[in-house]
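Text of structure_24.txt, listed as compact mmCIF, C-alpha atoms:
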# COMPACT_ATOMS: atom_id res chain seq x y z
CA LYS A 194 -4.07 7.39 -1.66
CA ARG A 195 -3.65 10.44 0.53
CA PHE A 196 -0.29 11.49 1.95
CA ASP A 197 0.47 13.59 5.03
CA VAL A 198 4.00 14.48 6.17
CA SER A 199 5.46 15.34 9.57
CA GLY A 200 9.24 15.63 9.56
CA ASN A 201 10.60 12.25 8.51
CA LEU A 202 7.24 10.48 8.82
CA ILE A 203 4.75 9.88 6.03
CA VAL A 204 1.18 8.82 6.79
CA ILE A 205 -0.53 7.17 3.85
CA ARG A 206 -4.27 6.56 3.84
CA THR A 207 -5.35 3.67 1.62
CA ALA A 208 -8.52 1.82 0.81
CA PRO A 209 -9.62 -0.51 3.63
CA GLY A 210 -7.42 -3.60 3.74
CA ASP A 211 -4.70 -2.21 1.44
CA ALA A 212 -2.22 -0.66 3.89
CA GLN A 213 -0.36 -3.90 4.67
CA ALA A 214 0.17 -4.74 1.00
CA VAL A 215 1.46 -1.23 0.26
CA GLY A 216 3.75 -1.38 3.29
CA LEU A 217 5.13 -4.75 2.24
CA ALA A 218 5.82 -3.45 -1.26
CA ILE A 219 7.69 -0.44 0.15
CA ASP A 220 9.64 -2.62 2.60
CA ARG A 221 10.70 -4.97 -0.22
CA SER A 222 11.60 -2.14 -2.59
CA GLY A 223 15.08 -1.81 -1.15
CA TRP A 224 14.89 1.99 -1.12
CA SER A 225 17.69 3.26 1.09
CA GLU A 226 15.60 6.34 1.99
CA VAL A 227 13.04 4.22 3.87
CA LEU A 228 13.91 2.83 7.30
CA GLY A 229 10.66 0.87 7.62
CA THR A 230 6.88 0.88 7.70
CA VAL A 231 4.08 0.15 10.14
CA ALA A 232 0.70 -0.79 8.67
CA GLY A 233 -2.81 -0.96 9.99
CA ASP A 234 -5.90 -1.68 7.92
CA ASP A 235 -6.18 1.54 5.94
CA THR A 236 -3.30 3.62 7.31
CA LEU A 237 0.42 3.20 6.75
CA LEU A 238 3.30 4.94 8.53
CA VAL A 239 6.54 5.23 6.55
CA VAL A 240 9.70 6.22 8.43
CA VAL A 241 12.14 8.10 6.20
CA GLY A 242 15.86 8.32 6.99
CA GLU A 243 17.29 11.41 8.61
CA GLY A 244 18.14 14.13 6.09
CA VAL A 245 16.02 12.61 3.31
CA SER A 246 13.08 14.54 1.92
CA ALA A 247 9.79 12.80 2.65
CA ASN A 248 8.48 14.32 -0.59
CA LYS A 249 11.18 12.45 -2.52
CA VAL A 250 9.83 9.18 -1.12
CA ILE A 251 6.24 10.19 -1.89
CA ASN A 252 7.25 10.87 -5.51
CA LYS A 253 8.85 7.40 -5.72
CA ILE A 254 5.70 5.78 -4.30
CA GLN A 255 3.48 7.61 -6.77
CA LYS A 256 5.66 6.50 -9.70
CA GLU A 257 5.22 2.86 -8.66
CA LYS A 258 1.42 2.93 -9.07

Target format structure tokens, applied to this file:
Amino acid sequence: KRFDVSGNLIVIRTAPGDAQAVGLAIDRSGWSEVLGTVAGDDTLLVVVGEGVSANKVINKIQKEK
């Protein structure tokens, strides 16, 4: 996976066909830092709550591998 950050948005690039499964896993995680996700085929947008570090969320995602 590759991560890019812009403010409170994280763009995650996945293998083709994997973005929806990753987004669903994040949505079901119950993490209070994440407001929601939007998934395409190989790209996922994660919206992080105001005042929360996007890098904190990336670290959580990487630990879940």

With all atoms listed in the file as the basis for distance, which of A:Ile254, A:Ile205, A:Val198, A:Val241 is at the shortest distance from A:Ala218?
->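 That would be A:Ile254, the residue with the smallest distance to A:Ala218.
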
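Between atom CA of A:Arg206 and atom CA of A:Ser246 the interatomic distance comes to 19.2 Å.
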
Got a sec: who's within 9 Å of A:Val227, counting all atoms listed in the file, leaving out chain neighbours fewer than 6 positions off, as a compact mmCIF listing (two decimals) with C-alpha atoms, in the frame of the given file?
# COMPACT_ATOMS: atom_id res chain seq x y z
CA ILE A 219 7.69 -0.44 0.15
CA ASP A 220 9.64 -2.62 2.60
CA VAL A 239 6.54 5.23 6.55
CA VAL A 240 9.70 6.22 8.43
CA VAL A 241 12.14 8.10 6.20
CA GLY A 242 15.86 8.32 6.99
CA VAL A 245 16.02 12.61 3.31
CA VAL A 250 9.83 9.18 -1.12

Using atom CA of A:Asp234 and atom CA of A:Gly210 as the two end points, give the distance in Å to one decimal.
->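 Straight-line distance from atom CA of A:Asp234 to atom CA of A:Gly210 works out to 4.8 Å.
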
Please identify all polymer residues within 12 Å of A:Ala214, counting only C-alpha atoms, omitting same-chain residues fewer than 3 positions from it, and present them as number ranges by chain.
-> A: 207-211, 217-221, 230-237

Please save C-alpha atoms of the selected residues as a PDB file, in the frame of the given file.
ATOM      1  CA  THR A 207      -5.350   3.670   1.620  1.00  0.00           C
ATOM      2  CA  ALA A 208      -8.520   1.820   0.810  1.00  0.00           C
ATOM      3  CA  PRO A 209      -9.620  -0.510   3.630  1.00  0.00           C
ATOM      4  CA  GLY A 210      -7.420  -3.600   3.740  1.00  0.00           C
ATOM      5  CA  ASP A 211      -4.700  -2.210   1.440  1.00  0.00           C
ATOM      6  CA  LEU A 217       5.130  -4.750   2.240  1.00  0.00           C
ATOM      7  CA  ALA A 218       5.820  -3.450  -1.260  1.00  0.00           C
ATOM      8  CA  ILE A 219       7.690  -0.440   0.150  1.00  0.00           C
ATOM      9  CA  ASP A 220       9.640  -2.620   2.600  1.00  0.00           C
ATOM     10  CA  ARG A 221      10.700  -4.970  -0.220  1.00  0.00           C
ATOM     11  CA  THR A 230       6.880   0.880   7.700  1.00  0.00           C
ATOM     12  CA  VAL A 231       4.080   0.150  10.140  1.00  0.00           C
ATOM     13  CA  ALA A 232       0.700  -0.790   8.670  1.00  0.00           C
ATOM     14  CA  GLY A 233      -2.810  -0.960   9.990  1.00  0.00           C
ATOM     15  CA  ASP A 234      -5.900  -1.680   7.920  1.00  0.00           C
ATOM     16  CA  ASP A 235      -6.180   1.540   5.940  1.00  0.00           C
ATOM     17  CA  THR A 236      -3.300   3.620   7.310  1.00  0.00           C
ATOM     18  CA  LEU A 237       0.420   3.200   6.750  1.00  0.00           C
TER      19      LEU A 237
END

Have a look at atom CA of A:Asn248 and atom CA of A:Ile203 and let me know their distance in Å, one decimal.
-> 8.8 Å

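Using all atoms listed in the file for every distance, the candidate list A:Asn201, A:Gly244, A:Lys194, A:Lys253 yields A:Lys253 as the residue closest to A:Trp224.
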
Would you please work out which residue, of A:Lys249, A:Ser222, A:Gly229, A:Leu238, is nearest to A:Val204 when using all atoms listed in the file?
-> A:Leu238

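Minimum atom-to-atom distance to A:Glu243, evaluated using only C-alpha atoms, belongs to A:Ser225 out of A:Gln255, A:Ala212, A:Asp197, A:Ser225.
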